[in-house]
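What follows is query-v5.tsv (TSV, C-alpha atoms and all ligand atoms).
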```tsv
chain	number	residue	atom	x	y	z
A	1	MET	CA	15.10	-14.43	-13.27
A	2	THR	CA	11.83	-13.23	-11.74
A	3	MET	CA	11.12	-9.55	-12.36
A	4	THR	CA	9.78	-7.23	-9.67
A	5	ALA	CA	7.35	-4.39	-10.39
A	6	PHE	CA	6.11	-1.48	-8.28
A	7	VAL	CA	2.63	-0.31	-9.33
A	8	THR	CA	1.01	2.82	-7.90
A	9	GLY	CA	-2.76	3.28	-7.85
A	10	ALA	CA	-3.22	-0.50	-7.70
A	11	SER	CA	-6.46	-0.50	-5.68
A	12	SER	CA	-8.73	0.00	-8.71
A	13	GLY	CA	-8.99	0.52	-12.46
A	14	PHE	CA	-5.79	0.37	-14.51
A	15	GLY	CA	-3.50	-0.29	-11.53
A	16	ALA	CA	-5.51	-3.29	-10.36
A	17	ALA	CA	-5.61	-4.70	-13.92
A	18	ILE	CA	-1.87	-4.07	-14.43
A	19	THR	CA	-1.13	-5.84	-11.14
A	20	ARG	CA	-3.23	-8.86	-12.16
A	21	ARG	CA	-1.67	-8.95	-15.62
A	22	LEU	CA	1.91	-8.70	-14.38
A	23	ALA	CA	1.28	-11.36	-11.72
A	24	ALA	CA	-0.09	-13.61	-14.48
A	25	ASP	CA	3.06	-12.84	-16.51
A	26	GLY	CA	5.09	-14.21	-13.57
A	27	VAL	CA	6.21	-10.82	-12.24
A	28	ARG	CA	6.38	-10.12	-8.47
A	29	VAL	CA	4.39	-6.95	-7.79
A	30	VAL	CA	4.38	-4.34	-5.03
A	31	ALA	CA	0.80	-3.06	-5.32
A	32	SER	CA	0.42	0.38	-3.73
A	33	ALA	CA	-2.42	2.85	-3.14
A	34	ARG	CA	-4.07	4.61	-0.19
A	35	ARG	CA	-6.84	2.01	0.31
A	36	ALA	CA	-4.77	-0.75	1.87
A	37	ASP	CA	-7.86	-2.89	2.57
A	38	LEU	CA	-8.59	-3.27	-1.17
A	39	LEU	CA	-4.95	-4.09	-1.88
A	40	ALA	CA	-4.87	-6.74	0.84
A	41	LYS	CA	-7.97	-8.42	-0.63
A	42	ALA	CA	-6.44	-8.45	-4.13
A	43	ALA	CA	-3.07	-9.68	-2.86
A	44	ALA	CA	-4.73	-12.61	-1.06
A	45	GLY	CA	-5.34	-14.16	-4.50
A	46	HIS	CA	-1.60	-14.05	-5.31
A	47	PRO	CA	0.26	-15.16	-2.15
A	48	GLY	CA	4.01	-14.41	-2.30
A	49	THR	CA	3.61	-12.69	-5.67
A	50	VAL	CA	1.70	-9.50	-4.84
A	51	HIS	CA	2.84	-7.39	-1.87
A	52	PRO	CA	0.18	-4.86	-0.77
A	53	LEU	CA	1.50	-1.46	0.33
A	54	GLY	CA	-0.68	1.31	1.75
A	55	LEU	CA	0.87	4.54	0.43
A	56	ASP	CA	-0.17	8.08	-0.42
A	57	VAL	CA	2.17	9.11	-3.24
A	58	ARG	CA	1.75	12.79	-2.27
A	59	ASP	CA	3.63	12.13	0.98
A	60	ARG	CA	7.28	12.47	-0.03
A	61	ALA	CA	8.75	11.15	3.25
A	62	ALA	CA	6.34	8.18	3.26
A	63	VAL	CA	7.29	7.30	-0.33
A	64	GLU	CA	11.01	7.37	0.48
A	65	GLN	CA	10.52	5.35	3.67
A	66	ALA	CA	8.24	2.74	2.07
A	67	ILE	CA	10.58	2.11	-0.85
A	68	ALA	CA	13.64	1.93	1.41
A	69	SER	CA	11.99	-0.68	3.63
A	70	LEU	CA	10.47	-3.14	1.16
A	71	PRO	CA	10.89	-6.85	2.00
A	72	ALA	CA	14.14	-8.18	0.43
A	73	GLU	CA	12.34	-10.23	-2.25
A	74	PHE	CA	10.50	-7.10	-3.49
A	75	ALA	CA	13.31	-4.56	-2.97
A	76	GLU	CA	15.03	-4.66	-6.36
A	77	ILE	CA	12.48	-3.07	-8.66
A	78	ASP	CA	12.80	-3.73	-12.39
A	79	LEU	CA	9.56	-2.07	-13.48
A	80	LEU	CA	7.97	1.04	-11.96
A	81	VAL	CA	4.44	1.76	-13.16
A	82	ASN	CA	3.51	5.31	-12.14
A	83	ASN	CA	-0.24	4.97	-12.57
A	84	ALA	CA	-1.76	6.68	-9.47
A	85	GLY	CA	-3.62	9.75	-10.58
A	86	LEU	CA	-6.92	11.47	-10.88
A	87	ALA	CA	-8.97	14.22	-12.44
A	88	LYS	CA	-11.09	16.37	-10.13
A	89	GLY	CA	-13.82	18.47	-11.70
A	90	LEU	CA	-14.61	19.54	-15.24
A	91	LEU	CA	-15.35	23.21	-14.63
A	92	PRO	CA	-13.83	25.99	-16.72
A	93	ALA	CA	-10.67	27.45	-15.18
A	94	GLN	CA	-12.45	30.61	-14.05
A	95	ASP	CA	-14.83	28.54	-11.87
A	96	ALA	CA	-12.61	25.63	-10.83
A	97	ASP	CA	-11.74	24.73	-7.25
A	98	LEU	CA	-8.10	25.47	-6.37
A	99	ASP	CA	-8.05	22.53	-3.93
A	100	ASP	CA	-8.90	20.23	-6.86
A	101	TRP	CA	-6.05	21.73	-8.86
A	102	ASP	CA	-3.64	21.22	-5.96
A	103	GLN	CA	-4.72	17.60	-5.54
A	104	MET	CA	-4.19	16.83	-9.23
A	105	LEU	CA	-0.74	18.40	-9.31
A	106	ASP	CA	0.28	16.80	-5.99
A	107	THR	CA	-0.81	13.33	-7.15
A	108	ASN	CA	-0.27	13.26	-10.92
A	109	CYS	CA	3.00	15.22	-10.94
A	110	ARG	CA	4.63	15.34	-7.49
A	111	GLY	CA	3.64	11.78	-6.51
A	112	LEU	CA	5.03	10.46	-9.79
A	113	MET	CA	8.24	12.46	-9.23
A	114	TYR	CA	8.70	11.13	-5.68
A	115	CYS	CA	8.27	7.46	-6.70
A	116	THR	CA	10.54	7.87	-9.69
A	117	ARG	CA	13.29	9.64	-7.73
A	118	ALA	CA	13.19	6.98	-4.99
A	119	ILE	CA	13.35	3.99	-7.36
A	120	LEU	CA	15.62	5.21	-10.19
A	121	PRO	CA	19.00	5.05	-8.40
A	122	GLY	CA	18.63	1.29	-7.84
A	123	MET	CA	17.74	0.74	-11.51
A	124	VAL	CA	20.73	2.79	-12.66
A	125	ALA	CA	23.08	0.94	-10.26
A	126	ARG	CA	21.85	-2.43	-11.60
A	127	GLY	CA	22.11	-1.23	-15.22
A	128	ARG	CA	18.52	-2.23	-16.03
A	129	GLY	CA	14.96	-1.16	-15.33
A	130	HIS	CA	11.86	0.32	-16.91
A	131	VAL	CA	9.70	3.26	-15.85
A	132	VAL	CA	6.19	3.25	-17.32
A	133	ASN	CA	4.28	6.46	-16.69
A	134	VAL	CA	0.54	6.67	-17.24
A	135	GLY	CA	-0.23	9.90	-19.06
A	136	SER	CA	-3.37	10.64	-21.07
A	137	VAL	CA	-4.54	11.95	-24.41
A	138	ALA	CA	-5.59	14.93	-22.28
A	139	GLY	CA	-1.88	15.82	-22.09
A	140	THR	CA	-1.82	16.40	-25.86
A	141	TYR	CA	-5.34	17.40	-26.90
A	142	PRO	CA	-7.10	20.21	-24.98
A	143	TYR	CA	-10.81	20.07	-24.16
A	144	PRO	CA	-13.15	22.34	-22.19
A	145	GLY	CA	-12.68	21.76	-18.47
A	146	GLY	CA	-9.47	19.77	-18.99
A	147	ASN	CA	-7.32	22.69	-17.75
A	148	VAL	CA	-5.09	21.46	-14.89
A	149	TYR	CA	-5.75	17.74	-15.47
A	150	GLY	CA	-4.52	18.07	-19.07
A	151	ALA	CA	-1.58	20.17	-17.94
A	152	SER	CA	-0.61	17.55	-15.34
A	153	LYS	CA	-0.60	14.87	-18.05
A	154	ALA	CA	1.47	17.09	-20.36
A	155	PHE	CA	3.96	17.13	-17.49
A	156	VAL	CA	3.88	13.32	-17.38
A	157	HIS	CA	4.59	13.16	-21.14
A	158	GLN	CA	7.45	15.66	-21.10
A	159	PHE	CA	8.97	14.31	-17.86
A	160	SER	CA	9.01	10.85	-19.46
A	161	GLN	CA	10.81	12.16	-22.55
A	162	ASN	CA	13.32	14.07	-20.43
A	163	LEU	CA	13.96	11.01	-18.27
A	164	ARG	CA	15.07	9.22	-21.44
A	165	SER	CA	17.71	11.88	-21.98
A	166	ASP	CA	18.98	11.69	-18.41
A	167	LEU	CA	19.05	7.88	-18.49
A	168	HIS	CA	21.02	7.75	-21.74
A	169	GLY	CA	23.57	4.95	-21.51
A	170	THR	CA	22.20	3.46	-18.29
A	171	GLY	CA	20.09	0.70	-19.85
A	172	VAL	CA	16.97	2.00	-18.07
A	173	ARG	CA	13.90	2.32	-20.32
A	174	VAL	CA	11.04	4.83	-20.13
A	175	THR	CA	7.58	4.56	-21.68
A	176	CYS	CA	4.62	6.92	-21.44
A	177	VAL	CA	1.24	5.22	-21.96
A	178	GLU	CA	-1.40	7.78	-22.98
A	179	PRO	CA	-4.95	6.41	-23.08
A	180	GLY	CA	-8.17	8.02	-24.20
A	181	MET	CA	-11.61	7.23	-22.72
A	182	CYS	CA	-11.52	4.14	-20.58
A	183	GLY	CA	-14.50	2.74	-18.69
A	184	ASP	CA	-14.74	0.25	-15.81
A	185	THR	CA	-12.57	2.35	-13.52
A	186	GLU	CA	-13.34	4.88	-10.78
A	187	PHE	CA	-11.86	7.73	-12.83
A	188	SER	CA	-15.06	9.55	-13.84
A	189	THR	CA	-16.82	8.90	-10.53
A	190	VAL	CA	-13.85	10.54	-8.78
A	191	ARG	CA	-13.82	13.38	-11.33
A	192	PHE	CA	-17.53	14.06	-10.75
A	193	GLY	CA	-17.26	14.02	-6.95
A	194	GLY	CA	-18.85	10.58	-6.46
A	195	ASP	CA	-21.73	11.08	-8.95
A	196	ARG	CA	-21.94	7.55	-10.42
A	197	GLU	CA	-24.88	8.36	-12.70
A	198	ARG	CA	-23.02	11.22	-14.36
A	199	ALA	CA	-19.98	8.99	-14.74
A	200	ARG	CA	-22.05	6.19	-16.27
A	201	ALA	CA	-23.71	8.60	-18.74
A	202	LEU	CA	-20.31	9.57	-20.14
A	203	TYR	CA	-19.82	6.07	-21.55
A	204	ALA	CA	-23.43	5.51	-22.69
A	205	GLY	CA	-23.80	4.14	-26.23
A	206	MET	CA	-20.07	3.83	-26.93
A	207	ARG	CA	-17.45	1.19	-26.20
A	208	PRO	CA	-14.58	2.70	-24.22
A	209	LEU	CA	-11.22	1.07	-23.64
A	210	GLY	CA	-11.10	-1.26	-20.63
A	211	PRO	CA	-8.42	-1.58	-17.93
A	212	ALA	CA	-7.26	-4.86	-19.51
A	213	ASP	CA	-6.37	-2.92	-22.70
A	214	ILE	CA	-4.06	-0.66	-20.70
A	215	ALA	CA	-2.58	-3.63	-18.84
A	216	GLU	CA	-1.90	-5.25	-22.23
A	217	ALA	CA	-0.01	-2.15	-23.41
A	218	VAL	CA	2.10	-2.05	-20.24
A	219	SER	CA	2.82	-5.77	-20.37
A	220	TRP	CA	3.77	-5.54	-24.08
A	221	ALA	CA	6.17	-2.60	-23.62
A	222	ALA	CA	7.80	-4.32	-20.63
A	223	SER	CA	8.15	-7.66	-22.41
A	224	LEU	CA	10.10	-6.38	-25.44
A	225	PRO	CA	13.82	-7.18	-25.66
A	226	ALA	CA	16.05	-4.98	-23.47
A	227	HIS	CA	17.41	-3.02	-26.45
A	228	VAL	CA	13.92	-1.80	-27.46
A	229	ASN	CA	12.45	1.35	-25.89
A	230	VAL	CA	8.83	2.22	-26.66
A	231	ASN	CA	8.74	5.97	-26.01
A	232	VAL	CA	5.01	6.65	-26.15
A	233	ILE	CA	1.87	4.54	-26.57
A	234	GLU	CA	-1.22	6.63	-27.39
A	235	LEU	CA	-4.39	4.56	-27.57
A	236	MET	CA	-8.07	5.40	-27.89
A	237	PRO	CA	-11.33	3.52	-28.33
A	238	VAL	CA	-12.39	3.34	-31.98
A	239	THR	CA	-15.52	5.25	-30.95
A	240	GLN	CA	-13.48	8.32	-29.89
A	241	SER	CA	-11.73	10.66	-32.35
A	242	PHE	CA	-11.00	14.32	-33.03
A	243	ALA	CA	-13.29	17.30	-33.58
A	244	PRO	CA	-12.76	20.69	-35.25
A	245	PHE	CA	-11.58	23.79	-33.37
A	246	GLN	CA	-14.29	25.85	-31.70
A	247	VAL	CA	-14.97	29.23	-33.30
A	248	HIS	CA	-16.78	31.93	-31.34
A	249	ARG	CA	-18.81	34.23	-33.59
A	250	SER	CA	-20.38	37.48	-32.46
B	1	LIG	P1	-9.16	4.92	-10.81
B	1	LIG	O1	-9.78	6.06	-10.08
B	1	LIG	O2	-9.92	3.65	-10.94
B	1	LIG	O3	-7.74	4.60	-10.19
B	1	LIG	C1	-6.89	5.60	-9.66
B	1	LIG	C2	-5.94	4.96	-8.70
B	1	LIG	O4	-5.06	5.97	-8.20
B	1	LIG	C3	-6.63	4.32	-7.52
B	1	LIG	O5	-6.03	3.06	-7.26
B	1	LIG	C4	-6.35	5.27	-6.37
B	1	LIG	O6	-6.24	4.50	-5.18
B	1	LIG	C5	-4.98	5.83	-6.79
B	1	LIG	N1	-4.66	7.09	-6.15
B	1	LIG	C6	-5.32	8.27	-6.25
B	1	LIG	N2	-4.73	9.18	-5.46
B	1	LIG	C7	-3.67	8.57	-4.87
B	1	LIG	C8	-2.67	8.98	-3.95
B	1	LIG	N3	-2.63	10.24	-3.47
B	1	LIG	N4	-1.74	8.09	-3.55
B	1	LIG	C9	-1.76	6.82	-4.03
B	1	LIG	N5	-2.68	6.37	-4.90
B	1	LIG	C10	-3.62	7.24	-5.31
B	1	LIG	O7	-8.80	5.51	-12.26
B	1	LIG	P2	-8.04	4.87	-13.52
B	1	LIG	O8	-7.61	3.49	-13.26
B	1	LIG	O9	-8.91	5.14	-14.69
B	1	LIG	O10	-6.80	5.85	-13.62
B	1	LIG	C11	-5.46	5.42	-13.48
B	1	LIG	C12	-4.57	6.43	-14.19
B	1	LIG	O11	-4.94	6.48	-15.56
B	1	LIG	C13	-4.68	7.86	-13.68
B	1	LIG	O12	-3.38	8.43	-13.67
B	1	LIG	C14	-5.56	8.54	-14.72
B	1	LIG	O13	-5.31	9.92	-14.81
B	1	LIG	C15	-5.11	7.82	-15.97
B	1	LIG	N6	-6.03	7.81	-17.11
B	1	LIG	C16	-7.32	7.36	-16.99
B	1	LIG	C17	-8.15	7.32	-18.11
B	1	LIG	C18	-9.56	6.89	-18.05
B	1	LIG	O14	-10.32	7.24	-18.96
B	1	LIG	N7	-9.97	6.12	-17.05
B	1	LIG	C19	-7.63	7.71	-19.43
B	1	LIG	C20	-6.27	8.18	-19.43
B	1	LIG	C21	-5.52	8.20	-18.31
B	1	LIG	P3	-6.63	4.99	-3.71
B	1	LIG	O15	-7.85	5.84	-3.83
B	1	LIG	O16	-6.82	3.70	-2.97
B	1	LIG	O17	-5.41	5.74	-3.24
B	2	LIG	C1	-8.60	10.54	-19.10
B	2	LIG	C2	-9.09	10.69	-20.52
B	2	LIG	O1	-10.36	12.25	-22.07
B	2	LIG	O2	-11.22	11.97	-19.80
B	2	LIG	O3	-7.29	10.95	-19.01
B	2	LIG	O4	-9.23	13.26	-20.18
B	2	LIG	S1	-10.00	12.10	-20.62
```

Encoded form (structure tokens):
Amino acid sequence: MTMTAFVTGASSGFGAAITRRLAADGVRVVASARRADLLAKAAAGHPGTVHPLGLDVRDRAAVEQAIASLPAEFAEIDLLVNNAGLAKGLLPAQDADLDDWDQMLDTNCRGLMYCTRAILPGMVARGRGHVVNVGSVAGTYPYPGGNVYGASKAFVHQFSQNLRSDLHGTGVRVTCVEPGMCGDTEFSTVRFGGDRERARALYAGMRPLGPADIAEAVSWAASLPAHVNVNVIELMPVTQSFAPFQVHRS
């Protein structure tokens, strides 16, 4: 039986790599994001397998409508990958832009909630399905300027764990994938307001994870036998680790 996946944030970075990987695994994929032109180009390489869908996950009515009107061959979703998300800014909380905070919460938390709520009932009715949420190490480990981004990813972690409780006995699986620094995506350019040089400098002299590493983790968790639930996958580049607490001395 061919599986069907719904991937958000599929126009770049992790989402694009996850879409390619799942298509190579023989999965039909609804690839969604706001930039429909990029999705259409990517889908052209996978005719009949990848269905491009222009969608802003922050728009609750649009999410409900889009999921209710998918073409029949893509309508029964077995795997939801809630990947759309972003960080905006790295300023301390006292200087941060409230619009950036709103955008992170609306996308990383509300968008993920809307997609999950629209797709879950079908999974429960069919007695099978898998929700993979893309969190971050920032949801567990604080860092200066991480404020609302980290908090939004803590939401993703805890929502994933709570979903497992609600879905007890339904056969539906939930996994939270929590990566550390990953290059070759638009993440840092978006975070730094389009400043590509600043984004590039962040990864200078170290080897970050790549989008294919995240796609591998998603593909692995989804490919395990139906009785196995991977709760959390936390992964980092070898070149990233932990530092001591800061101590302010007067
Ligand atoms: P990218 O910026 O490359 O990808 C983000 C994707 O999210 C894009 O496809 C973008 O598409 C989509 N997106 C953003 N806002 C919306 C929206 N309102 N509606 C629909 N889609 C949206 O970054 P990454 O691939 O690196 O990030 C993917 C996820 O991984 C994010 O949730 C991020 O927080 C998380 N992450 C990233 C890490 C990293 O170091 N790169 C590490 C840990 C987690 P479009 O603009 O076309 O809508
Ligand atoms: C992205 C990883 O460390 O930039 O979620 O917050 S980090």

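Every protein, DNA or RNA residue with an atom at most 9 Å from range 129-132 of chain A, where only C-alpha atoms count and chain neighbours fewer than 3 positions away do not, is listed here: Ile77, Asp78, Leu79, Leu80, Val81, Asn82, Asn83, Thr116, Leu120, Gly122, Met123, Val124, Arg126, Ser160, Gly171, Val172, Arg173, Val174, Thr175, Cys176, Val177, Val218, Ala221 and Ala222 of chain A.
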
Contacts of Gly180 in chain A at 7 Å or less, counting all atoms listed in the file, minus same-chain residues fewer than 6 places along, as a PyMOL selection string? chain A and resi 136-137+235-237

Could you give me, as a PyMOL selection string, the residues that have an atom at most 10 Å away from the point (4.4, -4.8, -7.0) in the coordinates of the file, using only C-alpha atoms? chain A and resi 3-8+10+18-19+22-23+27-32+43+49-53+74-75+77+79-81

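If only C-alpha atoms and all ligand atoms are the atoms counted, then among A:Ala151, A:Leu167, A:Leu38, A:Ala87 the closest residue to ligand LIG 2 (chain B) is A:Ala87.
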
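Reported to one decimal place, the separation of CA of His46 in chain A from CA of Arg21 in chain A is 11.5 Å.
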
Within 9 Å of range 207-215 of chain A, which residues of range 110-189 of chain A show up? Give each one with its shortest atom-to-atom distance in Å (one decimal) and the two atoms involved, counting only C-alpha atoms, rows by chain then rising residue number, as a tab-separated table.
```
residue	atom	partner	partner_atom	distance
A:Val177	CA	A:Ile214	CA	8.0
A:Pro179	CA	A:Ile214	CA	7.5
A:Gly180	CA	A:Leu209	CA	7.6
A:Met181	CA	A:Pro208	CA	5.6
A:Cys182	CA	A:Leu209	CA	4.3
A:Gly183	CA	A:Pro208	CA	5.5
A:Asp184	CA	A:Gly210	CA	6.2
A:Thr185	CA	A:Pro211	CA	7.2
```

Using only the atoms of ligand LIG 2 (chain B) listed in the file, plus 6 Å on each side, state the axis-aligned box centre and edge lengths in Å rounded to one decimal, as AutoDock Vina command-line options.
```
--center_x -9.3 --center_y 11.9 --center_z -20.5 --size_x 15.9 --size_y 14.7 --size_z 15.1
```

Kindly compile the residues surrounding ligand LIG 2 (chain B) within 12 Å, counting all atoms listed in the file, and format them as an NGL selection string. :A and (14 or 83-90 or 104 or 108 or 134-154 or 156 or 177-183 or 185-192 or 199 or 202-203 or 208-209 or 234-237 or 240-242)

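Between atom N1 of ligand LIG 1 (chain B) and CA of Arg34 in chain A the interatomic distance comes to 6.5 Å.
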
Which residue gives the smallest distance to ligand LIG 1 (chain B) among A:Asp25, A:Asp106, A:Glu73, A:Asp97, with all atoms listed in the file counted? A:Asp106

Counting only C-alpha atoms and all ligand atoms, figure out which residue out of A:Ala62, A:Ala16, A:Ala125, A:Val228 gets nearest to ligand LIG 1 (chain B). A:Ala16

May I ask which of the residues A:Pro71, A:Gly193, A:Gly111, A:Pro121 is the closest one to ligand LIG 1 (chain B), counting all atoms listed in the file? A:Gly111

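With only C-alpha atoms and all ligand atoms as the basis for measurement, A:Thr107 is the residue among A:Gln65, A:Gln161, A:Gln94, A:Thr107 that approaches ligand LIG 1 (chain B) most closely.
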
Incomplete range 105-122 of chain A filled out to N, CA and C atoms as a PDB file, in the frame of the given file:
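Generated file (part_7.pdb):
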```pdb
ATOM      1  N   LEU A 105      -2.188  18.192  -9.139  1.00  0.00           N
ATOM      2  CA  LEU A 105      -0.740  18.400  -9.310  1.00  0.00           C
ATOM      3  C   LEU A 105       0.047  17.571  -8.293  1.00  0.00           C
ATOM      4  N   ASP A 106      -0.446  17.539  -7.039  1.00  0.00           N
ATOM      5  CA  ASP A 106       0.280  16.800  -5.990  1.00  0.00           C
ATOM      6  C   ASP A 106       0.324  15.303  -6.315  1.00  0.00           C
ATOM      7  N   THR A 107      -0.746  14.771  -6.868  1.00  0.00           N
ATOM      8  CA  THR A 107      -0.810  13.330  -7.150  1.00  0.00           C
ATOM      9  C   THR A 107      -0.154  12.999  -8.488  1.00  0.00           C
ATOM     10  N   ASN A 108      -0.666  13.645  -9.547  1.00  0.00           N
ATOM     11  CA  ASN A 108      -0.270  13.260 -10.920  1.00  0.00           C
ATOM     12  C   ASN A 108       1.169  13.657 -11.231  1.00  0.00           C
ATOM     13  N   CYS A 109       1.638  14.747 -10.637  1.00  0.00           N
ATOM     14  CA  CYS A 109       3.000  15.220 -10.940  1.00  0.00           C
ATOM     15  C   CYS A 109       3.952  14.938  -9.778  1.00  0.00           C
ATOM     16  N   ARG A 110       3.668  15.506  -8.598  1.00  0.00           N
ATOM     17  CA  ARG A 110       4.630  15.340  -7.490  1.00  0.00           C
ATOM     18  C   ARG A 110       4.736  13.888  -7.049  1.00  0.00           C
ATOM     19  N   GLY A 111       3.601  13.189  -6.944  1.00  0.00           N
ATOM     20  CA  GLY A 111       3.640  11.780  -6.510  1.00  0.00           C
ATOM     21  C   GLY A 111       4.476  10.946  -7.467  1.00  0.00           C
ATOM     22  N   LEU A 112       4.275  11.195  -8.752  1.00  0.00           N
ATOM     23  CA  LEU A 112       5.030  10.460  -9.790  1.00  0.00           C
ATOM     24  C   LEU A 112       6.529  10.784  -9.681  1.00  0.00           C
ATOM     25  N   MET A 113       6.827  12.059  -9.404  1.00  0.00           N
ATOM     26  CA  MET A 113       8.240  12.460  -9.230  1.00  0.00           C
ATOM     27  C   MET A 113       8.862  11.753  -8.032  1.00  0.00           C
ATOM     28  N   TYR A 114       8.131  11.718  -6.906  1.00  0.00           N
ATOM     29  CA  TYR A 114       8.700  11.130  -5.680  1.00  0.00           C
ATOM     30  C   TYR A 114       9.006   9.643  -5.888  1.00  0.00           C
ATOM     31  N   CYS A 115       8.052   8.917  -6.494  1.00  0.00           N
ATOM     32  CA  CYS A 115       8.270   7.460  -6.700  1.00  0.00           C
ATOM     33  C   CYS A 115       9.433   7.239  -7.648  1.00  0.00           C
ATOM     34  N   THR A 116       9.475   8.033  -8.698  1.00  0.00           N
ATOM     35  CA  THR A 116      10.540   7.870  -9.690  1.00  0.00           C
ATOM     36  C   THR A 116      11.906   8.148  -9.058  1.00  0.00           C
ATOM     37  N   ARG A 117      11.990   9.242  -8.320  1.00  0.00           N
ATOM     38  CA  ARG A 117      13.290   9.640  -7.730  1.00  0.00           C
ATOM     39  C   ARG A 117      13.764   8.607  -6.707  1.00  0.00           C
ATOM     40  N   ALA A 118      12.810   7.975  -6.005  1.00  0.00           N
ATOM     41  CA  ALA A 118      13.190   6.980  -4.990  1.00  0.00           C
ATOM     42  C   ALA A 118      13.650   5.666  -5.624  1.00  0.00           C
ATOM     43  N   ILE A 119      13.090   5.320  -6.780  1.00  0.00           N
ATOM     44  CA  ILE A 119      13.350   3.990  -7.360  1.00  0.00           C
ATOM     45  C   ILE A 119      14.461   4.017  -8.415  1.00  0.00           C
ATOM     46  N   LEU A 120      14.643   5.149  -9.089  1.00  0.00           N
ATOM     47  CA  LEU A 120      15.620   5.210 -10.190  1.00  0.00           C
ATOM     48  C   LEU A 120      17.059   4.850  -9.811  1.00  0.00           C
ATOM     49  N   PRO A 121      17.584   5.338  -8.679  1.00  0.00           N
ATOM     50  CA  PRO A 121      19.000   5.050  -8.400  1.00  0.00           C
ATOM     51  C   PRO A 121      19.316   3.559  -8.390  1.00  0.00           C
ATOM     52  N   GLY A 122      18.418   2.746  -7.850  1.00  0.00           N
ATOM     53  CA  GLY A 122      18.630   1.290  -7.840  1.00  0.00           C
ATOM     54  C   GLY A 122      18.665   0.732  -9.251  1.00  0.00           C
TER      55      GLY A 122
END
```
